[in-house]
Every structure is written in C-alpha cells, then in structure tokens.
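Listing of upload.cif, mmCIF, C-alpha atoms
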```
data_final
loop_
_atom_site.group_PDB
_atom_site.id
_atom_site.type_symbol
_atom_site.label_atom_id
_atom_site.label_comp_id
_atom_site.auth_asym_id
_atom_site.auth_seq_id
_atom_site.Cartn_x
_atom_site.Cartn_y
_atom_site.Cartn_z
ATOM 1 C CA MET F 1 -24.209 155.097 5.271
ATOM 2 C CA ALA F 2 -23.289 151.645 4.038
ATOM 3 C CA ASN F 3 -26.195 149.687 2.704
ATOM 4 C CA SER F 4 -24.766 146.875 0.612
ATOM 5 C CA THR F 5 -27.040 143.857 0.833
ATOM 6 C CA ALA F 6 -24.134 141.436 1.255
ATOM 7 C CA GLY F 7 -22.981 143.518 4.208
ATOM 8 C CA GLU F 8 -26.500 143.615 5.623
ATOM 9 C CA GLN F 9 -26.757 139.829 5.314
ATOM 10 C CA ARG F 10 -23.491 139.375 7.132
ATOM 11 C CA ILE F 11 -24.716 141.544 9.976
ATOM 12 C CA GLN F 12 -28.030 139.693 10.214
ATOM 13 C CA GLN F 13 -26.144 136.401 10.223
ATOM 14 C CA TYR F 14 -23.979 137.587 13.113
ATOM 15 C CA LEU F 15 -26.977 138.845 15.099
ATOM 16 C CA LYS F 16 -28.767 135.542 14.514
ATOM 17 C CA GLN F 17 -25.786 133.618 15.903
ATOM 18 C CA LEU F 18 -25.664 136.018 18.815
ATOM 19 C CA ARG F 19 -29.342 135.537 19.656
ATOM 20 C CA ARG F 20 -28.849 131.791 19.577
ATOM 21 C CA ALA F 21 -25.802 131.956 21.827
ATOM 22 C CA LEU F 22 -27.763 134.062 24.325
ATOM 23 C CA ALA F 23 -30.956 131.987 24.092
ATOM 24 C CA ASP F 24 -30.603 130.797 27.690
ATOM 25 C CA LEU F 25 -30.705 134.320 29.087
ATOM 26 C CA PRO F 26 -33.954 135.869 30.336
ATOM 27 C CA GLU F 27 -35.597 137.552 27.366
ATOM 28 C CA SER F 28 -35.258 141.158 28.519
ATOM 29 C CA ARG F 29 -31.561 140.724 29.193
ATOM 30 C CA ARG F 30 -30.920 139.052 25.873
ATOM 31 C CA HIS F 31 -32.923 141.697 24.047
ATOM 32 C CA SER F 32 -31.001 144.489 25.737
ATOM 33 C CA ILE F 33 -27.581 143.054 24.852
ATOM 34 C CA VAL F 34 -28.568 142.344 21.240
ATOM 35 C CA GLU F 35 -30.017 145.832 20.916
ATOM 36 C CA GLU F 36 -26.810 147.428 22.191
ATOM 37 C CA ILE F 37 -24.619 145.343 19.926
ATOM 38 C CA THR F 38 -26.844 146.215 16.968
ATOM 39 C CA ALA F 39 -26.362 149.909 17.819
ATOM 40 C CA HIS F 40 -22.609 149.277 18.138
ATOM 41 C CA ILE F 41 -22.539 147.780 14.644
ATOM 42 C CA GLN F 42 -24.483 150.714 13.221
ATOM 43 C CA THR F 43 -22.121 153.197 14.845
ATOM 44 C CA GLY F 44 -19.132 151.332 13.485
ATOM 45 C CA ARG F 45 -20.637 151.081 10.039
ATOM 46 C CA ASN F 46 -21.284 154.799 9.866
ATOM 47 C CA LEU F 47 -17.547 155.339 10.193
ATOM 48 C CA LEU F 48 -16.820 153.128 7.191
ATOM 49 C CA ALA F 49 -17.078 153.850 3.483
ATOM 50 C CA PRO F 50 -20.328 152.479 1.985
ATOM 51 C CA ASP F 51 -18.642 149.608 0.109
ATOM 52 C CA ASP F 52 -16.036 148.756 2.690
ATOM 53 C CA GLU F 53 -16.651 145.001 3.047
ATOM 54 C CA ALA F 54 -13.278 144.373 4.641
ATOM 55 C CA GLY F 55 -13.987 147.086 7.181
ATOM 56 C CA LEU F 56 -17.317 145.517 8.050
ATOM 57 C CA ALA F 57 -15.701 142.083 8.393
ATOM 58 C CA GLN F 58 -13.136 143.600 10.752
ATOM 59 C CA LEU F 59 -15.877 145.322 12.750
ATOM 60 C CA LEU F 60 -17.678 142.033 13.300
ATOM 61 C CA GLU F 61 -14.444 140.244 14.120
ATOM 62 C CA ASP F 62 -13.543 142.918 16.663
ATOM 63 C CA LEU F 63 -16.930 142.401 18.296
ATOM 64 C CA GLY F 64 -15.896 138.831 18.979
ATOM 65 C CA ASP F 65 -17.344 135.397 18.796
ATOM 66 C CA PRO F 66 -20.937 135.112 20.152
ATOM 67 C CA GLU F 67 -19.704 132.286 22.421
ATOM 68 C CA THR F 68 -17.307 134.728 24.122
ATOM 69 C CA ILE F 69 -20.142 137.185 24.672
ATOM 70 C CA ARG F 70 -22.232 134.335 26.033
ATOM 71 C CA HIS F 71 -19.419 133.517 28.441
ATOM 72 C CA GLU F 72 -19.227 137.115 29.636
ATOM 73 C CA ALA F 73 -22.983 137.044 30.231
ATOM 74 C CA GLY F 74 -22.290 134.344 32.815
ATOM 75 C CA LEU F 75 -23.578 131.383 30.885
ATOM 76 C CA GLY F 76 -21.718 128.110 30.564
ATOM 77 C CA PRO F 77 -20.685 126.905 27.125
ATOM 78 C CA SER F 78 -23.507 126.283 24.660
ATOM 79 C CA PRO F 79 -24.956 122.809 25.070
ATOM 80 C CA LYS F 80 -23.280 120.355 22.760
ATOM 81 C CA PRO F 81 -25.204 117.355 21.535
ATOM 82 C CA SER F 82 -24.164 114.146 23.243
ATOM 83 C CA ARG F 83 -23.453 111.285 20.903
ATOM 84 C CA PHE F 84 -26.719 109.659 21.900
ATOM 85 C CA ASP F 85 -28.848 112.654 20.991
ATOM 86 C CA ALA F 86 -28.914 111.674 17.316
ATOM 87 C CA TRP F 87 -30.725 108.460 18.229
ATOM 88 C CA VAL F 88 -33.550 110.189 20.063
ATOM 89 C CA PRO F 89 -35.897 111.054 17.180
ATOM 90 C CA TRP F 90 -35.691 107.534 15.721
ATOM 91 C CA LEU F 91 -35.925 105.666 19.016
ATOM 92 C CA LEU F 92 -39.060 107.617 19.847
ATOM 93 C CA LEU F 93 -40.586 106.962 16.439
ATOM 94 C CA LEU F 94 -39.666 103.322 15.881
ATOM 95 C CA GLY F 95 -38.247 102.065 19.179
ATOM 96 C CA GLY F 96 -41.644 100.896 20.297
ATOM 97 C CA PHE F 97 -41.349 98.036 17.844
ATOM 98 C CA ALA F 98 -38.406 96.700 19.850
ATOM 99 C CA PHE F 99 -40.657 95.458 22.654
ATOM 100 C CA ALA F 100 -41.417 99.076 23.649
ATOM 101 C CA ILE F 101 -37.978 99.271 25.351
ATOM 102 C CA GLY F 102 -36.582 101.219 22.420
ATOM 103 C CA TRP F 103 -39.166 103.945 22.958
ATOM 104 C CA VAL F 104 -38.468 104.078 26.684
ATOM 105 C CA VAL F 105 -34.718 104.430 26.029
ATOM 106 C CA GLY F 106 -35.463 107.188 23.531
ATOM 107 C CA LEU F 107 -37.600 108.941 26.134
ATOM 108 C CA VAL F 108 -34.882 108.804 28.795
ATOM 109 C CA LEU F 109 -32.256 110.161 26.367
ATOM 110 C CA LEU F 110 -34.673 112.884 25.275
ATOM 111 C CA TRP F 111 -35.188 114.188 28.792
ATOM 112 C CA ARG F 112 -31.501 113.939 29.707
ATOM 113 C CA SER F 113 -30.389 115.861 26.640
ATOM 114 C CA THR F 114 -29.163 119.431 27.000
ATOM 115 C CA VAL F 115 -29.857 120.195 23.374
ATOM 116 C CA PHE F 116 -33.625 119.740 23.280
ATOM 117 C CA ARG F 117 -35.805 122.431 24.822
ATOM 118 C CA LEU F 118 -38.769 121.777 27.090
ATOM 119 C CA ARG F 119 -41.219 122.174 24.237
ATOM 120 C CA ASP F 120 -39.336 119.553 22.189
ATOM 121 C CA LYS F 121 -39.333 117.213 25.173
ATOM 122 C CA LEU F 122 -43.052 117.542 25.768
ATOM 123 C CA LEU F 123 -43.886 117.023 22.099
ATOM 124 C CA GLY F 124 -41.547 114.057 21.906
ATOM 125 C CA THR F 125 -43.182 112.466 24.939
ATOM 126 C CA PHE F 126 -46.830 113.007 24.144
ATOM 127 C CA ILE F 127 -46.932 112.617 20.353
ATOM 128 C CA TRP F 128 -47.351 109.728 20.812
ATOM 129 C CA PRO F 129 -46.351 107.507 23.700
ATOM 130 C CA GLY F 130 -44.895 104.467 22.035
ATOM 131 C CA GLY F 131 -44.244 106.241 18.756
ATOM 132 C CA LEU F 132 -45.600 104.575 15.649
ATOM 133 C CA PHE F 133 -45.897 101.287 17.494
ATOM 134 C CA GLY F 134 -48.045 102.908 20.168
ATOM 135 C CA ALA F 135 -50.226 104.528 17.512
ATOM 136 C CA LEU F 136 -50.752 101.198 15.790
ATOM 137 C CA VAL F 137 -51.648 99.498 19.063
ATOM 138 C CA VAL F 138 -54.227 102.145 19.917
ATOM 139 C CA MET F 139 -55.669 102.069 16.424
ATOM 140 C CA GLY F 140 -55.817 98.272 16.569
ATOM 141 C CA LEU F 141 -57.569 98.255 19.922
ATOM 142 C CA SER F 142 -60.075 100.876 18.986
ATOM 143 C CA ALA F 143 -60.768 99.701 15.455
ATOM 144 C CA GLY F 144 -63.066 97.159 16.893
ATOM 145 C CA SER F 145 -63.462 93.514 16.237
ATOM 146 C CA SER F 146 -66.256 91.095 16.248
ATOM 147 C CA SER F 147 -65.980 87.660 17.545
ATOM 148 C CA CYS F 148 -68.730 85.362 16.716
ATOM 149 C CA SER F 149 -69.400 82.096 18.334
ATOM 150 C CA GLY F 150 -72.138 79.642 18.232
ATOM 151 C CA LEU F 151 -73.113 76.287 16.855
ATOM 152 C CA SER F 152 -73.155 76.090 13.142
ATOM 153 C CA ALA F 153 -76.769 75.073 13.205
ATOM 154 C CA GLY F 154 -77.943 77.559 15.781
ATOM 155 C CA PRO F 155 -77.983 81.284 16.033
ATOM 156 C CA THR F 156 -74.598 82.860 16.125
ATOM 157 C CA GLN F 157 -73.824 85.380 18.732
ATOM 158 C CA CYS F 158 -71.477 88.119 17.851
ATOM 159 C CA VAL F 159 -69.722 90.248 20.358
ATOM 160 C CA THR F 160 -68.279 93.441 19.147
ATOM 161 C CA THR F 161 -65.516 95.163 21.044
ATOM 162 C CA GLY F 162 -64.030 98.543 20.506
ATOM 163 C CA PHE F 163 -65.793 100.975 18.290
ATOM 164 C CA HIS F 164 -66.099 101.419 14.626
ATOM 165 C CA LEU F 165 -65.138 104.738 13.210
ATOM 166 C CA PRO F 166 -66.828 105.597 9.985
ATOM 167 C CA PRO F 167 -64.175 105.676 7.248
ATOM 168 C CA ALA F 168 -64.670 109.390 6.731
ATOM 169 C CA ILE F 169 -63.327 109.966 10.244
ATOM 170 C CA GLY F 170 -61.335 106.814 10.743
ATOM 171 C CA LEU F 171 -59.084 107.284 7.769
ATOM 172 C CA PRO F 172 -57.903 110.816 8.549
ATOM 173 C CA VAL F 173 -57.412 109.793 12.173
ATOM 174 C CA LEU F 174 -55.293 106.877 11.038
ATOM 175 C CA VAL F 175 -53.235 109.054 8.722
ATOM 176 C CA LEU F 176 -52.770 111.734 11.393
ATOM 177 C CA SER F 177 -51.744 109.251 14.021
ATOM 178 C CA MET F 178 -49.031 107.955 11.672
ATOM 179 C CA VAL F 179 -47.939 111.298 10.307
ATOM 180 C CA LEU F 180 -47.734 113.357 13.519
ATOM 181 C CA PRO F 181 -45.033 111.298 15.237
ATOM 182 C CA VAL F 182 -43.022 111.350 12.008
ATOM 183 C CA LEU F 183 -43.266 115.140 11.957
ATOM 184 C CA VAL F 184 -42.147 115.279 15.581
ATOM 185 C CA ALA F 185 -39.157 113.025 14.768
ATOM 186 C CA VAL F 186 -38.226 115.296 11.860
ATOM 187 C CA MET F 187 -38.509 118.396 14.077
ATOM 188 C CA LEU F 188 -36.251 116.849 16.702
ATOM 189 C CA SER F 189 -33.625 115.943 14.073
ATOM 190 C CA ARG F 190 -33.691 119.461 12.728
ATOM 191 C CA ARG F 191 -33.134 120.838 16.225
ATOM 192 C CA LEU F 192 -30.029 118.630 16.403
ATOM 193 C CA ALA F 193 -28.828 119.680 12.960
ATOM 194 C CA ARG F 194 -29.119 123.350 13.926
ATOM 195 C CA HIS F 195 -27.058 122.737 17.036
ATOM 196 C CA GLU F 196 -24.339 121.099 14.958
ATOM 197 C CA MET F 197 -24.210 124.182 12.782
ATOM 198 C CA TRP F 198 -24.263 126.889 15.369
ATOM 199 C CA GLY F 199 -23.153 125.176 18.588
ATOM 200 C CA MET T 1 3.987 136.637 17.141
ATOM 201 C CA VAL T 2 0.993 136.499 19.443
ATOM 202 C CA GLU T 3 2.029 136.190 23.033
ATOM 203 C CA GLU T 4 0.085 133.669 25.039
ATOM 204 C CA ILE T 5 -1.538 135.265 28.064
ATOM 205 C CA ALA T 6 -0.909 133.465 31.347
ATOM 206 C CA PRO T 7 -4.060 132.241 33.117
ATOM 207 C CA ALA T 8 -3.087 134.383 36.112
ATOM 208 C CA ILE T 9 -3.217 137.535 34.014
ATOM 209 C CA THR T 10 -6.513 136.496 32.413
ATOM 210 C CA GLN T 11 -8.009 136.121 35.871
ATOM 211 C CA LEU T 12 -6.616 139.463 37.000
ATOM 212 C CA ARG T 13 -8.045 141.071 33.902
ATOM 213 C CA ARG T 14 -11.471 139.665 34.612
ATOM 214 C CA GLY T 15 -11.341 140.965 38.152
ATOM 215 C CA ALA T 16 -10.152 144.441 37.176
ATOM 216 C CA VAL T 17 -11.971 145.211 33.950
ATOM 217 C CA ASP T 18 -15.317 146.211 35.396
ATOM 218 C CA ARG T 19 -13.534 148.566 37.805
ATOM 219 C CA CYS T 20 -11.677 149.975 34.808
ATOM 220 C CA VAL T 21 -15.057 150.715 33.214
ATOM 221 C CA LEU T 22 -16.002 152.635 36.366
ATOM 222 C CA ALA T 23 -12.717 154.549 36.123
ATOM 223 C CA LEU T 24 -13.398 155.456 32.483
ATOM 224 C CA LEU T 25 -16.782 156.838 33.499
ATOM 225 C CA HIS T 26 -15.383 158.776 36.423
ATOM 226 C CA HIS T 27 -14.686 161.856 34.313
ATOM 227 C CA GLY T 28 -17.987 161.863 32.480
ATOM 228 C CA GLU T 29 -20.566 159.818 30.648
ATOM 229 C CA ARG T 30 -19.548 157.722 27.653
ATOM 230 C CA TYR T 31 -21.352 155.503 25.173
ATOM 231 C CA GLY T 32 -20.846 151.777 24.650
ATOM 232 C CA PHE T 33 -18.966 151.899 21.368
ATOM 233 C CA ASP T 34 -16.439 154.332 22.791
ATOM 234 C CA LEU T 35 -15.890 152.278 25.983
ATOM 235 C CA ALA T 36 -15.508 149.112 23.904
ATOM 236 C CA LYS T 37 -12.854 150.645 21.658
ATOM 237 C CA THR T 38 -10.892 152.061 24.601
ATOM 238 C CA LEU T 39 -10.835 148.795 26.529
ATOM 239 C CA ALA T 40 -10.018 146.726 23.441
ATOM 240 C CA ALA T 41 -7.097 149.026 22.623
ATOM 241 C CA ALA T 42 -5.818 148.469 26.166
ATOM 242 C CA HIS T 43 -6.197 144.685 25.663
ATOM 243 C CA LEU T 44 -8.502 144.475 28.647
ATOM 244 C CA ILE T 45 -11.402 142.752 26.895
ATOM 245 C CA ALA T 46 -11.455 139.649 24.702
ATOM 246 C CA GLY T 47 -13.921 141.016 22.137
ATOM 247 C CA GLU T 48 -15.621 144.399 21.980
ATOM 248 C CA GLY T 49 -19.027 142.749 22.302
ATOM 249 C CA THR T 50 -18.206 141.507 25.793
ATOM 250 C CA ILE T 51 -18.509 145.041 27.139
ATOM 251 C CA TYR T 52 -22.287 144.896 26.777
ATOM 252 C CA PRO T 53 -23.060 142.020 29.179
ATOM 253 C CA LEU T 54 -20.517 143.627 31.510
ATOM 254 C CA LEU T 55 -22.291 147.003 31.379
ATOM 255 C CA ALA T 56 -25.628 145.238 31.883
ATOM 256 C CA ARG T 57 -24.240 143.642 35.019
ATOM 257 C CA LEU T 58 -22.928 146.964 36.358
ATOM 258 C CA ARG T 59 -26.379 148.416 35.776
ATOM 259 C CA ARG T 60 -28.037 145.588 37.675
ATOM 260 C CA GLU T 61 -25.606 146.147 40.535
ATOM 261 C CA GLY T 62 -26.541 149.825 40.576
ATOM 262 C CA LEU T 63 -23.005 151.010 39.842
ATOM 263 C CA VAL T 64 -23.858 152.662 36.523
ATOM 264 C CA ASP T 65 -26.916 154.205 34.999
ATOM 265 C CA THR T 66 -27.860 155.060 31.406
ATOM 266 C CA ARG T 67 -29.029 158.190 29.589
ATOM 267 C CA TRP T 68 -30.252 158.595 26.052
ATOM 268 C CA ARG T 69 -28.759 161.434 24.057
ATOM 269 C CA GLU T 70 -29.498 162.692 20.566
ATOM 270 C CA SER T 71 -26.716 162.086 18.096
ATOM 271 C CA GLU T 72 -25.830 163.954 14.901
ATOM 272 C CA GLN T 73 -24.648 160.736 13.326
ATOM 273 C CA GLY T 74 -27.941 158.900 13.530
ATOM 274 C CA PRO T 75 -30.372 157.468 16.094
ATOM 275 C CA PRO T 76 -30.149 158.470 19.802
ATOM 276 C CA ARG T 77 -27.313 156.876 21.711
ATOM 277 C CA ARG T 78 -27.276 155.288 25.117
ATOM 278 C CA TYR T 79 -24.673 156.848 27.403
ATOM 279 C CA TYR T 80 -23.386 155.287 30.601
ATOM 280 C CA VAL T 81 -22.860 157.313 33.735
ATOM 281 C CA LEU T 82 -21.468 156.472 37.179
ATOM 282 C CA THR T 83 -23.881 156.384 40.123
ATOM 283 C CA ALA T 84 -22.948 157.309 43.702
ATOM 284 C CA SER T 85 -22.475 153.605 44.478
ATOM 285 C CA GLY T 86 -20.271 153.352 41.411
ATOM 286 C CA GLU T 87 -18.086 156.215 42.644
ATOM 287 C CA ALA T 88 -17.763 154.566 46.049
ATOM 288 C CA ALA T 89 -16.889 151.174 44.514
ATOM 289 C CA LEU T 90 -14.262 152.839 42.317
ATOM 290 C CA ALA T 91 -12.678 154.684 45.273
ATOM 291 C CA GLN T 92 -12.538 151.458 47.271
ATOM 292 C CA PHE T 93 -10.990 149.595 44.359
ATOM 293 C CA ARG T 94 -8.342 152.286 43.840
ATOM 294 C CA SER T 95 -7.029 152.033 47.393
ATOM 295 C CA GLN T 96 -7.130 148.241 47.466
ATOM 296 C CA TRP T 97 -5.515 148.019 44.051
ATOM 297 C CA ASP T 98 -2.662 150.293 45.138
ATOM 298 C CA ARG T 99 -1.939 148.062 48.109
ATOM 299 C CA PHE T 100 -2.239 144.895 46.043
ATOM 300 C CA LYS T 101 0.003 146.281 43.315
ATOM 301 C CA GLN T 102 2.624 147.342 45.839
ATOM 302 C CA SER T 103 2.626 143.926 47.520
ATOM 303 C CA VAL T 104 3.030 142.093 44.226
ATOM 304 C CA ASP T 105 5.735 144.505 43.037
ATOM 305 C CA THR T 106 7.640 144.131 46.293
ATOM 306 C CA ILE T 107 7.653 140.362 46.131
ATOM 307 C CA LEU T 108 8.511 140.301 42.422
ATOM 308 C CA SER T 109 11.461 142.659 42.962
ATOM 309 C CA GLU T 110 12.700 140.637 45.950
ATOM 310 C CA ASP T 111 12.651 137.625 43.747
ATOM 311 C CA ASP T 112 14.683 139.567 41.168
ATOM 312 C CA THR T 113 17.382 140.512 43.655
ATOM 313 C CA HIS T 114 17.643 136.963 44.950
ATOM 314 C CA GLY T 115 18.068 135.709 41.439
ATOM 315 C CA GLU T 116 21.122 137.856 40.763
#
```
Translate the structure of the given file into structure tokens.
Amino acid sequence: MANSTAGEQRIQQYLKQLRRALADLPESRRHSIVEEITAHIQTGRNLLAPDDEAGLAQLLEDLGDPETIRHEAGLGPSPKPSRFDAWVPWLLLLGGFAFAIGWVVGLVLLWRSTVFRLRDKLLGTFIWPGGLFGALVVMGLSAGSSSCSGLSAGPTQCVTTGFHLPPAIGLPVLVLSMVLPVLVAVMLSRRLARHEMWG
Amino acid sequence: MVEEIAPAITQLRRGAVDRCVLALLHHGERYGFDLAKTLAAAHLIAGEGTIYPLLARLRREGLVDTRWRESEQGPPRRYYVLTASGEAALAQFRSQWDRFKQSVDTILSEDDTHGE
C-alpha cells in the first residue's frame, strides 16, 4: 500500500478542492460523494506500486476536475468574485468616513455578492454599522461631555451628557471597537483571496 | 489529435449515461471504481469522479440501491445493485432507444443516398 507523504498530501489537496467545489450541496450529499471518491482513490492506489507518483497523478487526473464533478452534481459554476467584491471589506471599514455613503455602498455590494457566505454577510453588517466611522461616532457620543454655563461671577452649572466609562473599562472597549471591524475586514479579504485560488 | 465532440453528442451522452449505468448493473452488482473505469473506457463520462454524483442521483430516484461487502484488498466496499424500478426504467429505455436509433439511422442514411 502506497504511503508516501507527498502522495498523501496530493490526495488531501484534491479532496480539499473537491469539498470546496461541493460546498453548496446539502452536507449529507456532499459527505457521501467525498466519501465515495476517497474510497475510489484508495482502491486505485492499492493497484499501484508504493512509490508510483506518476500513477497517483494519473489516478487523480482520471478522476477529473472538481468543477466537473460539481457540474454533474447539478450545481452551477462556482461563484466567481465580481470585480466589485474586492472593495467590500474596505468600504465597510472606512467608507463611513465618506459621508457614510461609502459604508452603505459596501453593504449593498456585500449582500449582492455570490462569494461571501451568510455568516460573512451578517458579520460584515453588524460589526459595526458604519465601520470605523460608526464606532468613533458611538464612542464620541457615549464618552460624555460636560458643558458648563453660567456667569463668571456666579455659580456655574454644568450639564453632563452621555456617560463616563472608567478607563479600566473604557479603554478596552475603545480598542475592541476599533479592532473588531478591522478583523472582520481582514476575514472578508481572506474569503476573497481563497476564492481567487480555488474558484 | 483529440477530436472535438459535437454539442449534440455531448447532450446525447448526458441523456444516455445514467441508463448505461443501469445496463451495467443489469447482470449483477458492481462497485463504484469498476463502473467508473468501464464508463471512462467507453468515453461516456468526462471524469471518473462524475460517476459518484450520478450514482447518488440514481439512488435518490430509487433506481439503484447499495450493499456493503467485505473486500480482501482492504476496507468494505459499497456495491450498487439495480432495484425493480431500475429494471423497469432500463427496459423502457431499451425499447425507446432502439426506436430512436433506428429513426436517426434511417434519416442519416437517406441523407447519404441523396448526397451521392
């Protein structure tokens, strides 16, 4: 039985591409097809000499491109990123600074995209609305301010709005509110990059 | 030189291949690897992997069923077997295919004679 690690890696690579190509299938159906193709590969491998790399390459080539298998499973072609998709992470993060319209455009493109999954779309929408701009606005509003008025000679009256967070809480909250949308933007870009590679 | 397959033939292939799977199973159960190799050798499938979604579909339609069998060469293997519905679908296809084939052959040969 062939057990070269390079061969094993090649097989795992193929199965990974296959799982991705079939990602839109219901889980049980995808699992069943991948399981059968894994068994097919094992059967084929058992007929080869242990070090037969060329034979293994031929076996995988004979199996066919995962896209072809996807097509046979009744799925349309894998979603390709539209040329606007690359803008989405950055519009969401920074577009709010362009009179909030940038963020709204980013949001529309996000939801129209065929590349991003529902989870990506929800994260992109809710962390945070307005992106970094939105986070700053909320922090600004809630940081509190005091306005004092009164005659210079008389008692001054100060009105405090918002609330003051003690620094021990306020600072981590501030950092988190800046960092989380950046992380979401990075995650969305990586989703795109993976689609470029495998799509 | 690789001959380019006409779209008409590709479509015919798609229509006929699952019935060909039923025909292969008519004489007894077979496992996936074996069916894949046979169909690929006959140039009826684009890649051997495409047999698996096809078999899954035939199962969902109730035309084939599966059995696990022990194998000397390793883990148990899944064998495919024709159901009663599968036999009926195959019989229906055979008669309709014969008629279709005859009609096409007749017209193609008429065309030949006119051309001479």
Given a cut-off of 6 Å, which residues of chain F touch chain T, counting all atoms listed in the file, written out as a PDB file with C-alpha atoms, keeping the file's coordinate frame?
```pdb
ATOM      1  CA  ILE F  33     -27.581 143.054  24.852  1.00  0.00           C
ATOM      2  CA  HIS F  40     -22.609 149.277  18.138  1.00  0.00           C
ATOM      3  CA  ASP F  62     -13.543 142.918  16.663  1.00  0.00           C
ATOM      4  CA  LEU F  63     -16.930 142.401  18.296  1.00  0.00           C
ATOM      5  CA  GLY F  64     -15.896 138.831  18.979  1.00  0.00           C
ATOM      6  CA  ILE F  69     -20.142 137.185  24.672  1.00  0.00           C
ATOM      7  CA  GLU F  72     -19.227 137.115  29.636  1.00  0.00           C
ATOM      8  CA  ALA F  73     -22.983 137.044  30.231  1.00  0.00           C
TER       9      ALA F  73
END
```
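One finds atom CA of F:Arg10 at 8.8 Å from atom CA of F:Leu56.
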Written as JSON, numbers by chain, which residues does the PyMOL selection byres ((chain F and resi 78) around 8) give for the file shown? {"F": [21, 67, 76, 77, 79, 80, 199]}
Decode the PyMOL selection byres ((chain F and resi 38) around 12) for the given file into explicit residues and return them as a PDB file with C-alpha atoms, in the frame of the given file.
```pdb
ATOM      1  CA  GLU F   8     -26.500 143.615   5.623  1.00  0.00           C
ATOM      2  CA  ILE F  11     -24.716 141.544   9.976  1.00  0.00           C
ATOM      3  CA  GLN F  12     -28.030 139.693  10.214  1.00  0.00           C
ATOM      4  CA  GLN F  13     -26.144 136.401  10.223  1.00  0.00           C
ATOM      5  CA  TYR F  14     -23.979 137.587  13.113  1.00  0.00           C
ATOM      6  CA  LEU F  15     -26.977 138.845  15.099  1.00  0.00           C
ATOM      7  CA  LYS F  16     -28.767 135.542  14.514  1.00  0.00           C
ATOM      8  CA  LEU F  18     -25.664 136.018  18.815  1.00  0.00           C
ATOM      9  CA  ARG F  19     -29.342 135.537  19.656  1.00  0.00           C
ATOM     10  CA  HIS F  31     -32.923 141.697  24.047  1.00  0.00           C
ATOM     11  CA  SER F  32     -31.001 144.489  25.737  1.00  0.00           C
ATOM     12  CA  ILE F  33     -27.581 143.054  24.852  1.00  0.00           C
ATOM     13  CA  VAL F  34     -28.568 142.344  21.240  1.00  0.00           C
ATOM     14  CA  GLU F  35     -30.017 145.832  20.916  1.00  0.00           C
ATOM     15  CA  GLU F  36     -26.810 147.428  22.191  1.00  0.00           C
ATOM     16  CA  ILE F  37     -24.619 145.343  19.926  1.00  0.00           C
ATOM     17  CA  ALA F  39     -26.362 149.909  17.819  1.00  0.00           C
ATOM     18  CA  HIS F  40     -22.609 149.277  18.138  1.00  0.00           C
ATOM     19  CA  ILE F  41     -22.539 147.780  14.644  1.00  0.00           C
ATOM     20  CA  GLN F  42     -24.483 150.714  13.221  1.00  0.00           C
ATOM     21  CA  THR F  43     -22.121 153.197  14.845  1.00  0.00           C
ATOM     22  CA  GLY F  44     -19.132 151.332  13.485  1.00  0.00           C
ATOM     23  CA  ARG F  45     -20.637 151.081  10.039  1.00  0.00           C
ATOM     24  CA  LEU F  59     -15.877 145.322  12.750  1.00  0.00           C
ATOM     25  CA  LEU F  60     -17.678 142.033  13.300  1.00  0.00           C
ATOM     26  CA  LEU F  63     -16.930 142.401  18.296  1.00  0.00           C
TER      27      LEU F  63
ATOM     28  CA  GLY T  32     -20.846 151.777  24.650  1.00  0.00           C
ATOM     29  CA  PHE T  33     -18.966 151.899  21.368  1.00  0.00           C
ATOM     30  CA  GLY T  49     -19.027 142.749  22.302  1.00  0.00           C
ATOM     31  CA  TYR T  52     -22.287 144.896  26.777  1.00  0.00           C
ATOM     32  CA  PRO T  75     -30.372 157.468  16.094  1.00  0.00           C
ATOM     33  CA  ARG T  77     -27.313 156.876  21.711  1.00  0.00           C
TER      34      ARG T  77
END
```
So what does the PyMOL selection byres ((chain F and resi 96) around 10) actually pick up in this one, as a VMD selection string? chain F and resid 91 to 95 97 to 106 129 to 135
Mind giving me the axis-aligned box for stretch 35-51 of chain T with 4 Å on every side, centre plus edges in Å to one decimal, as AutoDock Vina command-line options?
```
--center_x -12.4 --center_y 146.0 --center_z 25.2 --size_x 21.2 --size_y 20.6 --size_z 15.0
```
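We find atom CA of F:Thr5 and atom CA of F:Leu48 to be spaced 15.2 Å apart.
A straight-line distance of 23.8 Å separates atom CA of T:Ile5 from atom CA of T:Arg99.
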Within-10 Å shell of (-26.5, 154.5, 42.2) in input frame, only C-alpha atoms, as a compact mmCIF listing (two decimals) with C-alpha atoms, in the frame of the given file:
```txt
# COMPACT_ATOMS: atom_id res chain seq x y z
CA ARG T 59 -26.38 148.42 35.78
CA GLU T 61 -25.61 146.15 40.53
CA GLY T 62 -26.54 149.82 40.58
CA LEU T 63 -23.00 151.01 39.84
CA VAL T 64 -23.86 152.66 36.52
CA ASP T 65 -26.92 154.21 35.00
CA VAL T 81 -22.86 157.31 33.74
CA LEU T 82 -21.47 156.47 37.18
CA THR T 83 -23.88 156.38 40.12
CA ALA T 84 -22.95 157.31 43.70
CA SER T 85 -22.48 153.60 44.48
CA GLY T 86 -20.27 153.35 41.41
CA GLU T 87 -18.09 156.22 42.64
CA ALA T 88 -17.76 154.57 46.05
```
Residue nearest T:Leu25 among T:Tyr79, T:Phe100, T:Phe93, T:Trp68 (counting only C-alpha atoms): T:Tyr79
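Within the 10 Å cut-off around F:Met187, using only C-alpha atoms and omitting residues fewer than 3 positions from it on the same chain, the listed residues are Pro89, Asp120, Leu123, Gly124, Pro181, Val182, Leu183, Val184, Arg190, Arg191, Leu192 and Ala193 of chain F.
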Since the input is missing atoms for stretch 96-101 of chain T, could you rebuild it with N, CA, C and O atoms and give the result as a short mmCIF file (atom, residue, chain, number, x, y, z; two decimals), in the coordinates of the input?
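Output below, filename rebuild.cif:
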```cif
data_model
loop_
_atom_site.label_atom_id
_atom_site.label_comp_id
_atom_site.auth_asym_id
_atom_site.auth_seq_id
_atom_site.Cartn_x
_atom_site.Cartn_y
_atom_site.Cartn_z
N GLN T 96 -7.49 149.65 47.31
CA GLN T 96 -7.13 148.24 47.47
C GLN T 96 -6.18 147.80 46.36
O GLN T 96 -5.27 147.01 46.59
N TRP T 97 -6.39 148.34 45.17
CA TRP T 97 -5.52 148.02 44.05
C TRP T 97 -4.09 148.52 44.31
O TRP T 97 -3.12 147.81 44.05
N ASP T 98 -3.99 149.74 44.83
CA ASP T 98 -2.66 150.29 45.14
C ASP T 98 -1.90 149.38 46.09
O ASP T 98 -0.73 149.07 45.86
N ARG T 99 -2.60 148.94 47.13
CA ARG T 99 -1.94 148.06 48.11
C ARG T 99 -1.56 146.73 47.47
O ARG T 99 -0.46 146.22 47.68
N PHE T 100 -2.48 146.18 46.71
CA PHE T 100 -2.24 144.90 46.04
C PHE T 100 -1.04 145.00 45.09
O PHE T 100 -0.14 144.17 45.11
N LYS T 101 -1.06 146.06 44.29
CA LYS T 101 0.00 146.28 43.32
C LYS T 101 1.37 146.41 44.01
O LYS T 101 2.35 145.83 43.58
#
```
